[in-house]
$ cat my_file.cif   # mmCIF, C-alpha atoms (C1' of nucleotides)
data_query
#
loop_
_atom_site.label_atom_id
_atom_site.label_comp_id
_atom_site.auth_asym_id
_atom_site.auth_seq_id
_atom_site.Cartn_x
_atom_site.Cartn_y
_atom_site.Cartn_z
CA MET T 1 -40.76 -68.65 -82.16
CA MET T 2 -37.76 -68.60 -84.45
CA ILE T 3 -34.46 -67.43 -83.00
CA SER T 4 -31.62 -66.83 -85.42
CA TYR T 5 -28.18 -68.24 -84.77
CA ARG T 6 -26.72 -64.77 -84.83
CA TYR T 7 -29.08 -63.60 -82.11
CA TYR T 8 -28.46 -66.74 -80.07
CA ASN T 9 -24.74 -66.09 -80.20
CA ARG T 10 -25.15 -62.52 -79.10
CA MET T 11 -27.21 -63.68 -76.14
CA MET T 12 -24.59 -66.21 -75.11
CA LYS T 13 -21.75 -63.76 -75.36
CA ASN T 14 -23.79 -61.25 -73.45
CA ASP T 15 -24.37 -63.67 -70.61
CA SER T 16 -20.75 -64.61 -70.52
CA ARG T 17 -19.69 -60.99 -70.48
CA THR T 18 -22.27 -60.10 -67.85
CA LEU T 19 -21.84 -62.70 -65.17
CA ARG T 20 -18.04 -62.94 -65.05
CA PRO T 21 -17.33 -59.25 -64.44
CA LEU T 22 -20.21 -59.05 -62.01
CA LEU T 23 -18.98 -61.96 -59.92
CA ASP T 24 -15.45 -60.71 -60.29
CA ARG T 25 -16.19 -57.25 -58.95
CA LEU T 26 -18.24 -58.64 -56.07
CA PHE T 27 -15.31 -60.82 -55.13
CA ARG T 28 -12.73 -58.08 -55.45
CA LEU T 29 -14.67 -55.51 -53.48
CA SER T 30 -15.39 -57.96 -50.71
CA ALA T 31 -11.79 -59.19 -50.78
CA ALA T 32 -10.48 -55.64 -50.49
CA ASP T 33 -12.15 -55.40 -47.09
CA ALA T 34 -11.31 -58.90 -45.97
CA TRP T 35 -7.63 -58.23 -45.18
CA LEU T 36 -8.57 -57.48 -41.58
CA GLY T 37 -7.26 -60.44 -39.60
CA ASP T 38 -3.81 -60.31 -41.22
CA LEU T 39 -4.89 -63.11 -43.50
CA THR T 40 -4.94 -62.92 -47.27
CA PRO T 41 -8.15 -63.89 -49.07
CA THR T 42 -6.54 -67.16 -50.15
CA GLN T 43 -5.42 -68.01 -46.64
CA MET T 44 -8.91 -67.18 -45.40
CA ALA T 45 -10.49 -69.43 -48.02
CA ALA T 46 -8.20 -72.33 -47.12
CA LEU T 47 -8.83 -71.84 -43.41
CA ASP T 48 -12.57 -71.71 -43.96
CA TYR T 49 -12.43 -74.94 -45.93
CA LEU T 50 -10.41 -76.67 -43.22
CA SER T 51 -13.01 -75.61 -40.67
CA ARG T 52 -15.77 -77.33 -42.62
CA ALA T 53 -14.05 -80.41 -44.07
CA ASN T 54 -14.00 -83.79 -42.37
CA ARG T 55 -10.82 -85.58 -41.29
CA PHE T 56 -10.54 -87.47 -44.60
CA SER T 57 -10.52 -84.26 -46.62
CA ARG T 58 -7.93 -81.97 -45.04
CA ALA T 59 -4.82 -82.85 -47.05
CA PRO T 60 -3.07 -80.30 -49.30
CA SER T 61 -4.21 -82.08 -52.46
CA GLN T 62 -7.80 -81.88 -51.39
CA VAL T 63 -7.62 -78.24 -50.43
CA ALA T 64 -6.04 -77.56 -53.83
CA ASP T 65 -8.83 -79.50 -55.50
CA PHE T 66 -11.46 -77.50 -53.65
CA LEU T 67 -9.93 -74.11 -54.38
CA GLY T 68 -9.00 -74.86 -57.98
CA ALA T 69 -5.33 -74.21 -57.24
CA THR T 70 -2.22 -76.34 -57.64
CA ARG T 71 -0.78 -78.51 -54.90
CA GLY T 72 2.37 -76.42 -54.84
CA THR T 73 0.54 -73.19 -54.14
CA VAL T 74 -1.63 -74.73 -51.47
CA SER T 75 1.36 -76.38 -49.83
CA GLN T 76 2.91 -72.96 -49.25
CA THR T 77 -0.36 -71.43 -48.08
CA LEU T 78 -0.86 -74.16 -45.49
CA LYS T 79 2.72 -73.83 -44.25
CA THR T 80 2.06 -70.14 -43.71
CA LEU T 81 -1.14 -70.84 -41.79
CA GLU T 82 0.81 -73.32 -39.70
CA ARG T 83 3.51 -70.73 -38.91
CA LYS T 84 0.75 -68.40 -37.77
CA GLY T 85 -0.62 -71.09 -35.45
CA LEU T 86 -4.03 -71.28 -37.09
CA VAL T 87 -3.70 -74.89 -38.21
CA ALA T 88 -1.74 -77.88 -36.92
CA GLU T 89 0.09 -80.53 -38.95
CA HIS T 90 -0.95 -84.13 -38.42
CA LYS T 91 1.13 -86.77 -40.20
CA SER T 92 -0.65 -89.99 -41.06
CA LYS T 93 0.74 -93.24 -39.67
CA GLU T 94 -0.96 -95.52 -42.19
CA ASP T 95 0.33 -93.71 -45.26
CA LYS T 96 3.47 -91.76 -44.50
CA ARG T 97 3.01 -89.52 -47.54
CA ARG T 98 -0.17 -88.04 -46.15
CA ILE T 99 -0.42 -84.91 -44.04
CA ARG T 100 -3.62 -83.53 -42.57
CA TYR T 101 -4.08 -79.96 -41.40
CA ASP T 102 -6.46 -79.46 -38.46
CA ILE T 103 -7.76 -76.03 -37.56
CA THR T 104 -6.79 -74.80 -34.09
CA SER T 105 -8.97 -72.85 -31.67
CA SER T 106 -6.95 -69.81 -32.66
CA GLY T 107 -7.86 -70.53 -36.27
CA GLN T 108 -11.54 -70.81 -35.39
CA THR T 109 -11.36 -67.38 -33.79
CA ALA T 110 -9.77 -65.90 -36.88
CA LEU T 111 -12.82 -66.93 -38.92
CA ASN T 112 -15.27 -65.02 -36.77
CA GLY T 113 -14.91 -61.67 -38.51
CA VAL T 114 -18.03 -60.11 -40.00
CA SER T 115 -17.79 -59.80 -43.74
CA GLN T 116 -19.21 -56.79 -45.56
CA LEU T 117 -20.72 -59.27 -47.95
CA GLY T 118 -22.78 -60.82 -45.19
CA SER T 119 -24.02 -57.41 -44.11
CA ALA T 120 -24.95 -56.54 -47.67
CA LEU T 121 -26.83 -59.81 -48.05
CA ALA T 122 -28.78 -59.12 -44.88
CA GLU T 123 -30.13 -55.92 -46.44
CA LEU T 124 -31.92 -57.85 -49.18
CA ASP T 125 -35.45 -59.23 -48.99
CA ALA T 126 -35.63 -62.67 -47.42
CA ASP T 127 -36.89 -64.33 -50.60
CA GLN T 128 -34.32 -62.53 -52.71
CA GLN T 129 -31.60 -63.80 -50.37
CA GLN T 130 -32.92 -67.31 -50.77
CA ALA T 131 -33.15 -67.04 -54.55
CA LEU T 132 -29.60 -65.71 -54.71
CA ILE T 133 -28.09 -68.46 -52.56
CA THR T 134 -30.05 -71.12 -54.42
CA GLY T 135 -29.02 -69.71 -57.77
CA LEU T 136 -25.37 -69.55 -56.81
CA HIS T 137 -25.50 -73.16 -55.64
CA ALA T 138 -27.06 -74.21 -58.93
CA LEU T 139 -24.44 -72.28 -60.86
CA LEU T 140 -21.63 -73.83 -58.85
CA HIS T 141 -23.13 -77.27 -59.42
CA GLN T 142 -23.10 -76.68 -63.17
CA LEU T 143 -19.57 -75.32 -63.12
CA VAL T 144 -18.37 -78.35 -61.17
CA GLN T 145 -20.14 -80.52 -63.71
CA THR T 146 -18.46 -78.97 -66.74
CA ARG T 147 -15.05 -78.84 -65.09
CA GLY T 148 -15.32 -82.44 -63.99
CA SER T 149 -14.22 -81.48 -60.50
CA ARG T 150 -15.59 -82.95 -57.33
CA PRO T 151 -18.69 -81.41 -55.73
CA PHE T 152 -17.35 -81.37 -52.15
CA GLY T 153 -20.82 -81.90 -50.75
CA LEU T 154 -21.78 -82.79 -47.21
CA CYS T 155 -21.15 -86.30 -45.91
CA ARG T 156 -24.81 -86.82 -45.01
CA ASP T 157 -25.91 -86.17 -48.61
CA CYS T 158 -23.66 -88.93 -49.94
CA ARG T 159 -24.78 -92.19 -51.47
CA TYR T 160 -22.36 -94.04 -49.20
CA HIS T 161 -23.63 -92.43 -46.02
CA ASP T 162 -25.58 -94.70 -43.72
CA PRO T 163 -27.06 -92.68 -40.86
CA SER T 164 -28.23 -95.59 -38.75
CA THR T 165 -26.17 -98.69 -38.09
CA PRO T 166 -25.99 -100.40 -34.69
CA GLN T 167 -22.72 -98.52 -34.12
CA GLY T 168 -24.14 -95.15 -35.30
CA ALA T 169 -23.49 -93.27 -38.55
CA PHE T 170 -21.26 -95.07 -41.02
CA CYS T 171 -19.43 -94.46 -44.31
CA ARG T 172 -19.76 -97.46 -46.63
CA LEU T 173 -17.06 -96.15 -48.96
CA LEU T 174 -14.21 -95.71 -46.49
CA GLU T 175 -15.78 -98.30 -44.18
CA VAL T 176 -15.39 -96.27 -41.02
CA ARG T 177 -17.69 -95.26 -38.21
CA LEU T 178 -18.48 -91.54 -38.18
CA GLU T 179 -18.01 -89.40 -35.11
CA ALA T 180 -20.71 -87.01 -33.95
CA GLY T 181 -21.04 -84.00 -36.23
CA GLU T 182 -18.98 -85.48 -39.04
CA ALA T 183 -22.07 -86.13 -41.17
CA ALA T 184 -22.50 -82.36 -41.48
CA GLN T 185 -18.97 -81.80 -42.75
CA ILE T 186 -17.63 -81.47 -46.28
CA CYS T 187 -16.16 -84.63 -47.78
CA HIS T 188 -13.75 -84.89 -50.69
CA GLU T 189 -15.15 -88.27 -51.65
CA GLN T 190 -18.80 -87.27 -51.53
CA ILE T 191 -21.06 -88.39 -54.36
CA ALA T 192 -24.64 -87.20 -54.20
CA ALA T 193 -27.27 -89.78 -53.27
CA ALA T 194 -29.57 -90.92 -56.06
CA MET C 1 -42.80 -63.84 -32.80
CA MET C 2 -39.94 -63.32 -30.40
CA ILE C 3 -36.43 -63.81 -31.77
CA SER C 4 -33.61 -63.92 -29.28
CA TYR C 5 -30.46 -61.88 -29.81
CA ARG C 6 -28.43 -65.05 -29.67
CA TYR C 7 -30.44 -66.64 -32.46
CA TYR C 8 -30.28 -63.44 -34.51
CA ASN C 9 -26.51 -63.46 -34.22
CA ARG C 10 -26.27 -67.06 -35.31
CA MET C 11 -28.36 -66.30 -38.37
CA MET C 12 -26.13 -63.39 -39.32
CA LYS C 13 -22.99 -65.37 -38.84
CA ASN C 14 -24.47 -68.19 -40.83
CA ASP C 15 -25.27 -65.96 -43.76
CA SER C 16 -21.85 -64.43 -43.65
CA ARG C 17 -20.24 -67.85 -43.54
CA THR C 18 -22.43 -69.14 -46.36
CA LEU C 19 -22.21 -66.51 -49.04
CA ARG C 20 -18.53 -65.59 -48.83
CA PRO C 21 -17.12 -69.10 -49.34
CA LEU C 22 -19.70 -69.80 -52.02
CA LEU C 23 -18.85 -66.70 -54.02
CA ASP C 24 -15.19 -67.29 -53.34
CA ARG C 25 -15.17 -70.80 -54.72
CA LEU C 26 -17.16 -69.81 -57.77
CA PHE C 27 -14.62 -67.12 -58.47
CA ARG C 28 -11.62 -69.33 -57.90
CA LEU C 29 -12.87 -72.21 -60.02
CA SER C 30 -13.78 -69.90 -62.86
CA ALA C 31 -10.48 -68.03 -62.48
CA ALA C 32 -8.54 -71.29 -62.63
CA ASP C 33 -9.86 -71.84 -66.14
CA ALA C 34 -9.55 -68.21 -67.24
CA TRP C 35 -5.76 -68.27 -67.74
CA LEU C 36 -6.21 -69.13 -71.40
CA GLY C 37 -5.31 -65.93 -73.24
CA ASP C 38 -2.03 -65.49 -71.32
CA LEU C 39 -3.80 -62.93 -69.17
CA THR C 40 -4.15 -63.15 -65.41
CA PRO C 41 -7.61 -62.78 -63.89
CA THR C 42 -6.69 -59.30 -62.69
CA GLN C 43 -5.46 -58.23 -66.11
CA MET C 44 -8.62 -59.66 -67.64
CA ALA C 45 -10.79 -57.74 -65.19
CA ALA C 46 -8.98 -54.46 -65.91
CA LEU C 47 -9.18 -55.04 -69.65
CA ASP C 48 -12.88 -55.84 -69.46
CA TYR C 49 -13.49 -52.66 -67.50
CA LEU C 50 -11.57 -50.57 -70.04
CA SER C 51 -13.69 -52.07 -72.81
CA ARG C 52 -16.88 -50.92 -71.13
CA ALA C 53 -15.91 -47.57 -69.58
CA ASN C 54 -16.30 -44.22 -71.32
CA ARG C 55 -13.40 -41.90 -72.11
CA PHE C 56 -13.80 -39.99 -68.82
CA SER C 57 -13.37 -43.16 -66.77
CA ARG C 58 -10.28 -44.93 -68.09
CA ALA C 59 -7.58 -43.52 -65.80
CA PRO C 60 -5.60 -45.72 -63.39
CA SER C 61 -7.32 -44.20 -60.36
CA GLN C 62 -10.71 -45.02 -61.74
CA VAL C 63 -9.78 -48.57 -62.64
CA ALA C 64 -8.42 -48.94 -59.11
CA ASP C 65 -11.65 -47.58 -57.69
CA PHE C 66 -13.68 -50.02 -59.77
CA LEU C 67 -11.63 -53.07 -58.84
CA GLY C 68 -11.17 -52.17 -55.19
CA ALA C 69 -7.38 -52.14 -55.61
CA THR C 70 -4.77 -49.47 -54.96
CA ARG C 71 -3.49 -47.07 -57.59
CA GLY C 72 -0.03 -48.57 -57.35
CA THR C 73 -1.21 -52.07 -58.16
CA VAL C 74 -3.37 -50.93 -61.04
CA SER C 75 -0.60 -48.76 -62.42
CA GLN C 76 1.58 -51.83 -62.81
CA THR C 77 -1.24 -53.93 -64.24
CA LEU C 78 -1.96 -51.33 -66.91
CA LYS C 79 1.71 -51.02 -67.79
CA THR C 80 1.78 -54.77 -68.32
CA LEU C 81 -1.31 -54.64 -70.54
CA GLU C 82 0.37 -51.85 -72.49
CA ARG C 83 3.53 -53.93 -72.97
CA LYS C 84 1.34 -56.70 -74.34
CA GLY C 85 -0.23 -54.27 -76.80
CA LEU C 86 -3.77 -54.71 -75.49
CA VAL C 87 -4.22 -51.08 -74.41
CA ALA C 88 -2.71 -47.79 -75.54
CA GLU C 89 -1.60 -44.85 -73.39
CA HIS C 90 -3.22 -41.50 -74.06
CA LYS C 91 -1.83 -38.53 -72.15
CA SER C 92 -4.24 -35.67 -71.51
CA LYS C 93 -3.35 -32.21 -72.80
CA GLU C 94 -5.66 -30.28 -70.50
CA ASP C 95 -4.35 -31.82 -67.30
CA LYS C 96 -0.86 -33.15 -67.74
CA ARG C 97 -1.20 -35.43 -64.70
CA ARG C 98 -3.88 -37.49 -66.37
CA ILE C 99 -3.39 -40.63 -68.43
CA ARG C 100 -6.11 -42.58 -70.16
CA TYR C 101 -5.80 -46.17 -71.32
CA ASP C 102 -7.77 -47.08 -74.44
CA ILE C 103 -8.34 -50.70 -75.41
CA THR C 104 -6.85 -51.71 -78.76
CA SER C 105 -8.41 -54.01 -81.34
CA SER C 106 -5.97 -56.64 -80.15
CA GLY C 107 -7.34 -56.11 -76.66
CA GLN C 108 -10.90 -56.50 -77.87
CA THR C 109 -9.97 -59.82 -79.43
CA ALA C 110 -8.42 -61.02 -76.17
CA LEU C 111 -11.78 -60.56 -74.43
CA ASN C 112 -13.65 -62.84 -76.79
CA GLY C 113 -12.87 -66.11 -75.00
CA VAL C 114 -15.81 -68.17 -73.79
CA SER C 115 -15.85 -68.46 -70.02
CA GLN C 116 -16.84 -71.69 -68.34
CA LEU C 117 -18.97 -69.55 -66.10
CA GLY C 118 -21.04 -68.37 -69.03
CA SER C 119 -21.54 -71.94 -70.21
CA ALA C 120 -22.59 -72.99 -66.74
CA LEU C 121 -25.05 -70.12 -66.54
CA ALA C 122 -26.58 -71.12 -69.89
CA GLU C 123 -27.44 -74.52 -68.41
CA LEU C 124 -29.77 -72.97 -65.87
CA ASP C 125 -33.48 -72.22 -66.39
CA ALA C 126 -34.13 -68.87 -68.01
CA ASP C 127 -35.94 -67.48 -65.00
CA GLN C 128 -33.29 -68.81 -62.63
CA GLN C 129 -30.65 -67.07 -64.72
CA GLN C 130 -32.60 -63.85 -64.48
CA ALA C 131 -33.12 -64.20 -60.73
CA LEU C 132 -29.42 -64.86 -60.23
CA ILE C 133 -28.24 -61.87 -62.26
CA THR C 134 -30.81 -59.62 -60.59
CA GLY C 135 -29.86 -60.87 -57.15
CA LEU C 136 -26.16 -60.35 -57.76
CA HIS C 137 -26.82 -56.82 -58.98
CA ALA C 138 -28.85 -56.08 -55.87
CA LEU C 139 -26.10 -57.52 -53.69
CA LEU C 140 -23.45 -55.48 -55.45
CA HIS C 141 -25.58 -52.38 -55.04
CA GLN C 142 -25.79 -52.98 -51.30
CA LEU C 143 -22.09 -53.66 -51.03
CA VAL C 144 -21.28 -50.46 -52.88
CA GLN C 145 -23.65 -48.67 -50.53
CA THR C 146 -21.97 -49.89 -47.34
CA ARG C 147 -18.46 -49.39 -48.69
CA GLY C 148 -19.27 -45.88 -49.85
CA SER C 149 -17.70 -46.62 -53.21
CA ARG C 150 -19.05 -45.43 -56.52
CA PRO C 151 -21.66 -47.52 -58.36
CA PHE C 152 -20.02 -47.29 -61.82
CA GLY C 153 -23.41 -47.38 -63.52
CA LEU C 154 -24.18 -46.68 -67.15
CA CYS C 155 -24.09 -43.11 -68.42
CA ARG C 156 -27.69 -43.25 -69.65
CA ASP C 157 -28.97 -44.13 -66.17
CA CYS C 158 -27.39 -41.01 -64.66
CA ARG C 159 -29.21 -38.00 -63.30
CA TYR C 160 -26.97 -35.74 -65.36
CA HIS C 161 -27.65 -37.55 -68.60
CA ASP C 162 -29.77 -35.65 -71.10
CA PRO C 163 -30.59 -37.91 -74.07
CA SER C 164 -32.07 -35.24 -76.30
CA THR C 165 -30.56 -31.82 -76.81
CA PRO C 166 -30.39 -30.10 -80.21
CA GLN C 167 -26.81 -31.36 -80.45
CA GLY C 168 -27.67 -34.92 -79.37
CA ALA C 169 -26.99 -36.67 -76.05
CA PHE C 170 -25.35 -34.50 -73.42
CA CYS C 171 -23.75 -34.78 -69.96
CA ARG C 172 -24.82 -31.91 -67.74
CA LEU C 173 -22.15 -32.72 -65.15
CA LEU C 174 -19.06 -32.62 -67.35
CA GLU C 175 -20.84 -30.34 -69.81
CA VAL C 176 -19.82 -32.24 -72.90
CA ARG C 177 -21.64 -33.63 -75.88
CA LEU C 178 -21.73 -37.44 -75.96
CA GLU C 179 -20.61 -39.45 -78.95
CA ALA C 180 -22.72 -42.28 -80.31
CA GLY C 181 -22.68 -45.31 -78.02
CA GLU C 182 -21.19 -43.48 -75.06
CA ALA C 183 -24.52 -43.42 -73.25
CA ALA C 184 -24.30 -47.20 -72.94
CA GLN C 185 -20.84 -47.12 -71.34
CA ILE C 186 -19.79 -47.21 -67.70
CA CYS C 187 -19.07 -43.84 -66.11
CA HIS C 188 -17.00 -43.19 -63.00
CA GLU C 189 -19.08 -40.10 -62.19
CA GLN C 190 -22.46 -41.76 -62.63
CA ILE C 191 -25.14 -41.07 -60.02
CA ALA C 192 -28.42 -42.89 -60.48
CA ALA C 193 -31.36 -40.83 -61.68
CA ALA C 194 -34.10 -40.15 -59.12
"C1'" DA V 1 3.82 -16.81 -54.05
"C1'" DT V 2 3.20 -20.31 -51.02
"C1'" DT V 3 0.69 -24.15 -49.67
"C1'" DA V 4 -2.35 -27.93 -50.21
"C1'" DA V 5 -4.54 -31.41 -52.94
"C1'" DT V 6 -4.47 -34.63 -56.84
"C1'" DA V 7 -2.58 -38.15 -60.29
"C1'" DG V 8 0.57 -41.36 -61.49
"C1'" DT V 9 4.60 -44.06 -60.55
"C1'" DA V 10 8.76 -46.48 -58.31
"C1'" DG V 11 10.33 -49.71 -55.04
"C1'" DC V 12 9.83 -52.96 -50.88
"C1'" DG V 13 8.35 -57.17 -48.92
"C1'" DA V 14 5.05 -60.78 -48.65
"C1'" DT V 15 2.07 -63.68 -51.12
"C1'" DT V 16 -0.10 -66.11 -55.03
"C1'" DC V 17 0.30 -69.04 -58.84
"C1'" DG V 18 1.58 -72.20 -62.79
"C1'" DC V 19 5.31 -74.74 -63.81
"C1'" DT V 20 9.03 -78.13 -63.45
"C1'" DA V 21 11.75 -81.02 -60.71
"C1'" DT V 22 12.64 -83.92 -56.60
"C1'" DA V 23 12.11 -86.97 -52.60
"C1'" DA V 24 9.53 -90.18 -50.06
"C1'" DT V 25 6.31 -93.59 -49.98
"C1'" DT V 26 3.04 -96.92 -51.64
"C1'" DG V 27 0.96 -100.29 -54.82
"C1'" DC V 28 1.06 -103.36 -58.46
"C1'" DA V 29 2.98 -106.68 -61.48
"C1'" DA V 30 6.39 -109.65 -63.38
"C1'" DT J 1 10.83 -110.54 -54.13
"C1'" DT J 2 12.18 -107.16 -57.05
"C1'" DG J 3 11.27 -103.33 -59.90
"C1'" DC J 4 8.64 -99.79 -61.86
"C1'" DA J 5 4.68 -96.70 -62.02
"C1'" DA J 6 1.57 -93.82 -59.43
"C1'" DT J 7 0.72 -90.84 -55.55
"C1'" DT J 8 1.81 -87.16 -52.16
"C1'" DA J 9 4.04 -83.31 -50.56
"C1'" DT J 10 7.52 -80.02 -51.21
"C1'" DA J 11 11.29 -76.84 -53.20
"C1'" DG J 12 12.53 -73.36 -56.37
"C1'" DC J 13 11.80 -70.24 -60.58
"C1'" DG J 14 9.73 -66.32 -62.71
"C1'" DA J 15 5.85 -63.36 -63.23
"C1'" DA J 16 2.18 -60.99 -61.19
"C1'" DT J 17 -0.64 -59.17 -57.35
"C1'" DC J 18 -1.09 -56.22 -53.54
"C1'" DG J 19 -0.77 -52.91 -49.51
"C1'" DC J 20 2.31 -49.70 -48.24
"C1'" DT J 21 5.36 -45.70 -48.24
"C1'" DA J 22 7.73 -42.38 -50.63
"C1'" DC J 23 8.35 -39.34 -54.57
"C1'" DT J 24 7.55 -36.39 -58.79
"C1'" DA J 25 4.71 -33.59 -61.55
"C1'" DT J 26 0.91 -30.83 -62.00
"C1'" DT J 27 -3.06 -28.19 -60.65
"C1'" DA J 28 -5.97 -25.67 -57.34
"C1'" DA J 29 -6.62 -22.82 -53.35
"C1'" DT J 30 -5.44 -19.23 -50.21
#

$ encode --input "my_file.cif" --output "C-alpha cells"
Amino acid sequence: MMISYRYYNRMMKNDSRTLRPLLDRLFRLSAADAWLGDLTPTQMAALDYLSRANRFSRAPSQVADFLGATRGTVSQTLKTLERKGLVAEHKSKEDKRRIRYDITSSGQTALNGVSQLGSALAELDADQQQALITGLHALLHQLVQTRGSRPFGLCRDCRYHDPSTPQGAFCRLLEVRLEAGEAAQICHEQIAAA
Amino acid sequence: MMISYRYYNRMMKNDSRTLRPLLDRLFRLSAADAWLGDLTPTQMAALDYLSRANRFSRAPSQVADFLGATRGTVSQTLKTLERKGLVAEHKSKEDKRRIRYDITSSGQTALNGVSQLGSALAELDADQQQALITGLHALLHQLVQTRGSRPFGLCRDCRYHDPSTPQGAFCRLLEVRLEAGEAAQICHEQIAAA
DNA sequence: ATTAATAGTAGCGATTCGCTATAATTGCAA
DNA sequence: TTGCAATTATAGCGAATCGCTACTATTAAT
C-alpha cells in the first residue's frame, strides 16, 4: 500500500502531539496529589532513586543523569533531603571529590505513601496493566537510546555481572564482590547483557 | 486460590512503586529536551491545551483544572505567554470577570517542534504504540475518576452534543451553535455520552 | 439591599532549573 | 616531578513554578 509523504508527516505529528500532552497531564495530575509527605515531586523522585540504586550509583552526578537534570539542581535537592534527615552524606575516602547519599530509615518511611496513580492502575485489567508497563518500558528504552543517556538497568541484567564466583556475586567491571541484594539494585554503569 | 492480605499489599505497593517512577522518569527526560523553543514545560503544556480547547474552555480556571495546578500559578503562566506574544487576552463582555486566552499564529508555530518522545514512540511496533496510547488513556480515565476532576473530553463525544440540527452542530448544555471544527476540540464541560 | 459565591490576580516563601563560575581533587603527560 | 586538563561538587544569578493567603471585581442568591 502506498502512503504519501504528506500523510506520513501528519501521522508523525499526530503521534508527537498525542503522547506528550497525555503523559504530561498524567504526570501533572499525579504530581498534584503527591505533595503529601512535605516532599516536592522532584525530591520524591530523587529519594526514590536513592532507595533503588546501588552504592556505586548514589552520587549527585548520577542522580542528575538519571533524572535528566543538571548537577547544580540535584546538588541543592540532595542538600534539602539531607536537612530533612531523609538521606545521609557519605564522603568517599578513595576519591575525596566523591559524595554518596544513603537513604535513612526515615527516608524509607517517607516513600511508603500510596500514590493515586497506583490505585488507578489497579483498576485496570491485569493484561492491560501488563501491556501498559511493558509499553512504557519499551518507550523509555527508545528514549534513552535516542538521547544517548544511560539505561540505569539492574545490576543482575548487566554484561559484567557474574552471579556465581567462589566468593558469591561479582562485578567484573568495578572488580568488586557484591553484597546480598545488590544484584537487584539500579546501577549507573549497567550495560545490558548480550 | 487463596491470596493473603500481606501478599496483596505487597503487590499494590509494588505497582505503585513501579509505575510512578517510570512515568516520572519518562516525563523528566522528555522535559529536559523540551526547552528548545524558549518555553518551559509548563508553558508548553498550557499552550498546547489552549490550542486544543474550545472557546468556552480557555479561561485561567479551566487551564488550572486541566493541568492540576492552582489558579494563581496558571494566571502567572498565561501572563508570561501573553508577554511572549503566543496568546492573546480576550475579555468577556457578558461576564466582566471572565478572561479567555486565544492562541496566536506565533503560538501555533511554537508548538510545531518535534519531541524526542514522539520519535521514540515511532520506533515501536504499530500495535505496541496503539496498546500504549490506549493504556495511557485508560489510566488517565481512572485517575480522573478517583480525583473527581473533569475528563476534558472532546465536544463531539459529549452527551449534550447534537451533530445535526437545521442550523448545524449544536451544544444543548450551553445552548449555542457550534462553529466548524469546534466539535473536535476539548471542552471543559464535556460529559461522556451514554 | 445585603450576602454569598465566583473569577482573576498580587504577593510571599520555598523550590526547581539552566547557566556560569569556583574550589578541590585526581589523572595524565611532558 | 611538575604542570595542566578533566572530574566532582557546590555557590550564586535570574526566571519560572507552585501552594498559599489575601484582595478586588463582578455576578447570583436570598

$ atom_distance --input "my_file.cif" --atom1 "CA of Ser61 (chain C)" --atom2 "C1' of DT9 (chain V)"
11.9 Å

$ interface_residues --input "my_file.cif" --of "chain V" --to "chain T" --cutoff "9 Å" --atoms "all atoms listed in the file" --output "ChimeraX atom specification"
/V:15-18,24-26

$ resolve_selection --input "my_file.cif" --expression "the PyMOL selection byres ((chain J) within 10 of (chain C))" --output "PDB file with C-alpha atoms (C1' of nucleotides), keeping the file's coordinate frame"
ATOM      1  C1'  DA J  16       2.180 -60.990 -61.190  1.00  0.00           C
ATOM      2  C1'  DT J  17      -0.640 -59.170 -57.350  1.00  0.00           C
ATOM      3  C1'  DC J  18      -1.090 -56.220 -53.540  1.00  0.00           C
ATOM      4  C1'  DG J  19      -0.770 -52.910 -49.510  1.00  0.00           C
ATOM      5  C1'  DC J  20       2.310 -49.700 -48.240  1.00  0.00           C
ATOM      6  C1'  DA J  25       4.710 -33.590 -61.550  1.00  0.00           C
ATOM      7  C1'  DT J  26       0.910 -30.830 -62.000  1.00  0.00           C
ATOM      8  C1'  DT J  27      -3.060 -28.190 -60.650  1.00  0.00           C
TER       9       DT J  27
END

$ resolve_selection --input "my_file.cif" --expression "the PyMOL selection byres ((chain T) within 7 of (chain C))" --output "JSON list (two decimals) with C-alpha atoms, keeping the file's coordinate frame"
[["chain", "number", "residue", "atom", "x", "y", "z"],
["T", 15, "ASP", "CA", -24.37, -63.67, -70.61],
["T", 16, "SER", "CA", -20.75, -64.61, -70.52],
["T", 19, "LEU", "CA", -21.84, -62.70, -65.17],
["T", 20, "ARG", "CA", -18.04, -62.94, -65.05],
["T", 21, "PRO", "CA", -17.33, -59.25, -64.44],
["T", 23, "LEU", "CA", -18.98, -61.96, -59.92],
["T", 24, "ASP", "CA", -15.45, -60.71, -60.29],
["T", 25, "ARG", "CA", -16.19, -57.25, -58.95],
["T", 26, "LEU", "CA", -18.24, -58.64, -56.07],
["T", 27, "PHE", "CA", -15.31, -60.82, -55.13],
["T", 28, "ARG", "CA", -12.73, -58.08, -55.45],
["T", 29, "LEU", "CA", -14.67, -55.51, -53.48],
["T", 32, "ALA", "CA", -10.48, -55.64, -50.49],
["T", 45, "ALA", "CA", -10.49, -69.43, -48.02],
["T", 67, "LEU", "CA", -9.93, -74.11, -54.38],
["T", 68, "GLY", "CA", -9.00, -74.86, -57.98],
["T", 69, "ALA", "CA", -5.33, -74.21, -57.24],
["T", 114, "VAL", "CA", -18.03, -60.11, -40.00],
["T", 115, "SER", "CA", -17.79, -59.80, -43.74],
["T", 116, "GLN", "CA", -19.21, -56.79, -45.56],
["T", 117, "LEU", "CA", -20.72, -59.27, -47.95],
["T", 118, "GLY", "CA", -22.78, -60.82, -45.19],
["T", 120, "ALA", "CA", -24.95, -56.54, -47.67],
["T", 121, "LEU", "CA", -26.83, -59.81, -48.05],
["T", 128, "GLN", "CA", -34.32, -62.53, -52.71],
["T", 131, "ALA", "CA", -33.15, -67.04, -54.55],
["T", 132, "LEU", "CA", -29.60, -65.71, -54.71],
["T", 135, "GLY", "CA", -29.02, -69.71, -57.77],
["T", 139, "LEU", "CA", -24.44, -72.28, -60.86],
["T", 140, "LEU", "CA", -21.63, -73.83, -58.85],
["T", 142, "GLN", "CA", -23.10, -76.68, -63.17],
["T", 143, "LEU", "CA", -19.57, -75.32, -63.12]]

$ atom_distance --input "my_file.cif" --atom1 "CA of Arg55 (chain C)" --atom2 "CA of Gln167 (chain C)"
19.0 Å

$ atom_distance --input "my_file.cif" --atom1 "CA of Ser57 (chain C)" --atom2 "CA of Ala194 (chain C)"
22.3 Å

$ resolve_selection --input "my_file.cif" --expression "the PyMOL selection byres ((chain T and resi 172) around 8)" --output "ChimeraX atom specification"
/T:160-162,170-171,173-176

$ closest_residue --input "my_file.cif" --among "C:Leu50, C:Leu81, C:Ile99, C:Cys187" --to "DA7 (chain V)" --atoms "only C-alpha atoms (C1' of nucleotides)"
C:Ile99
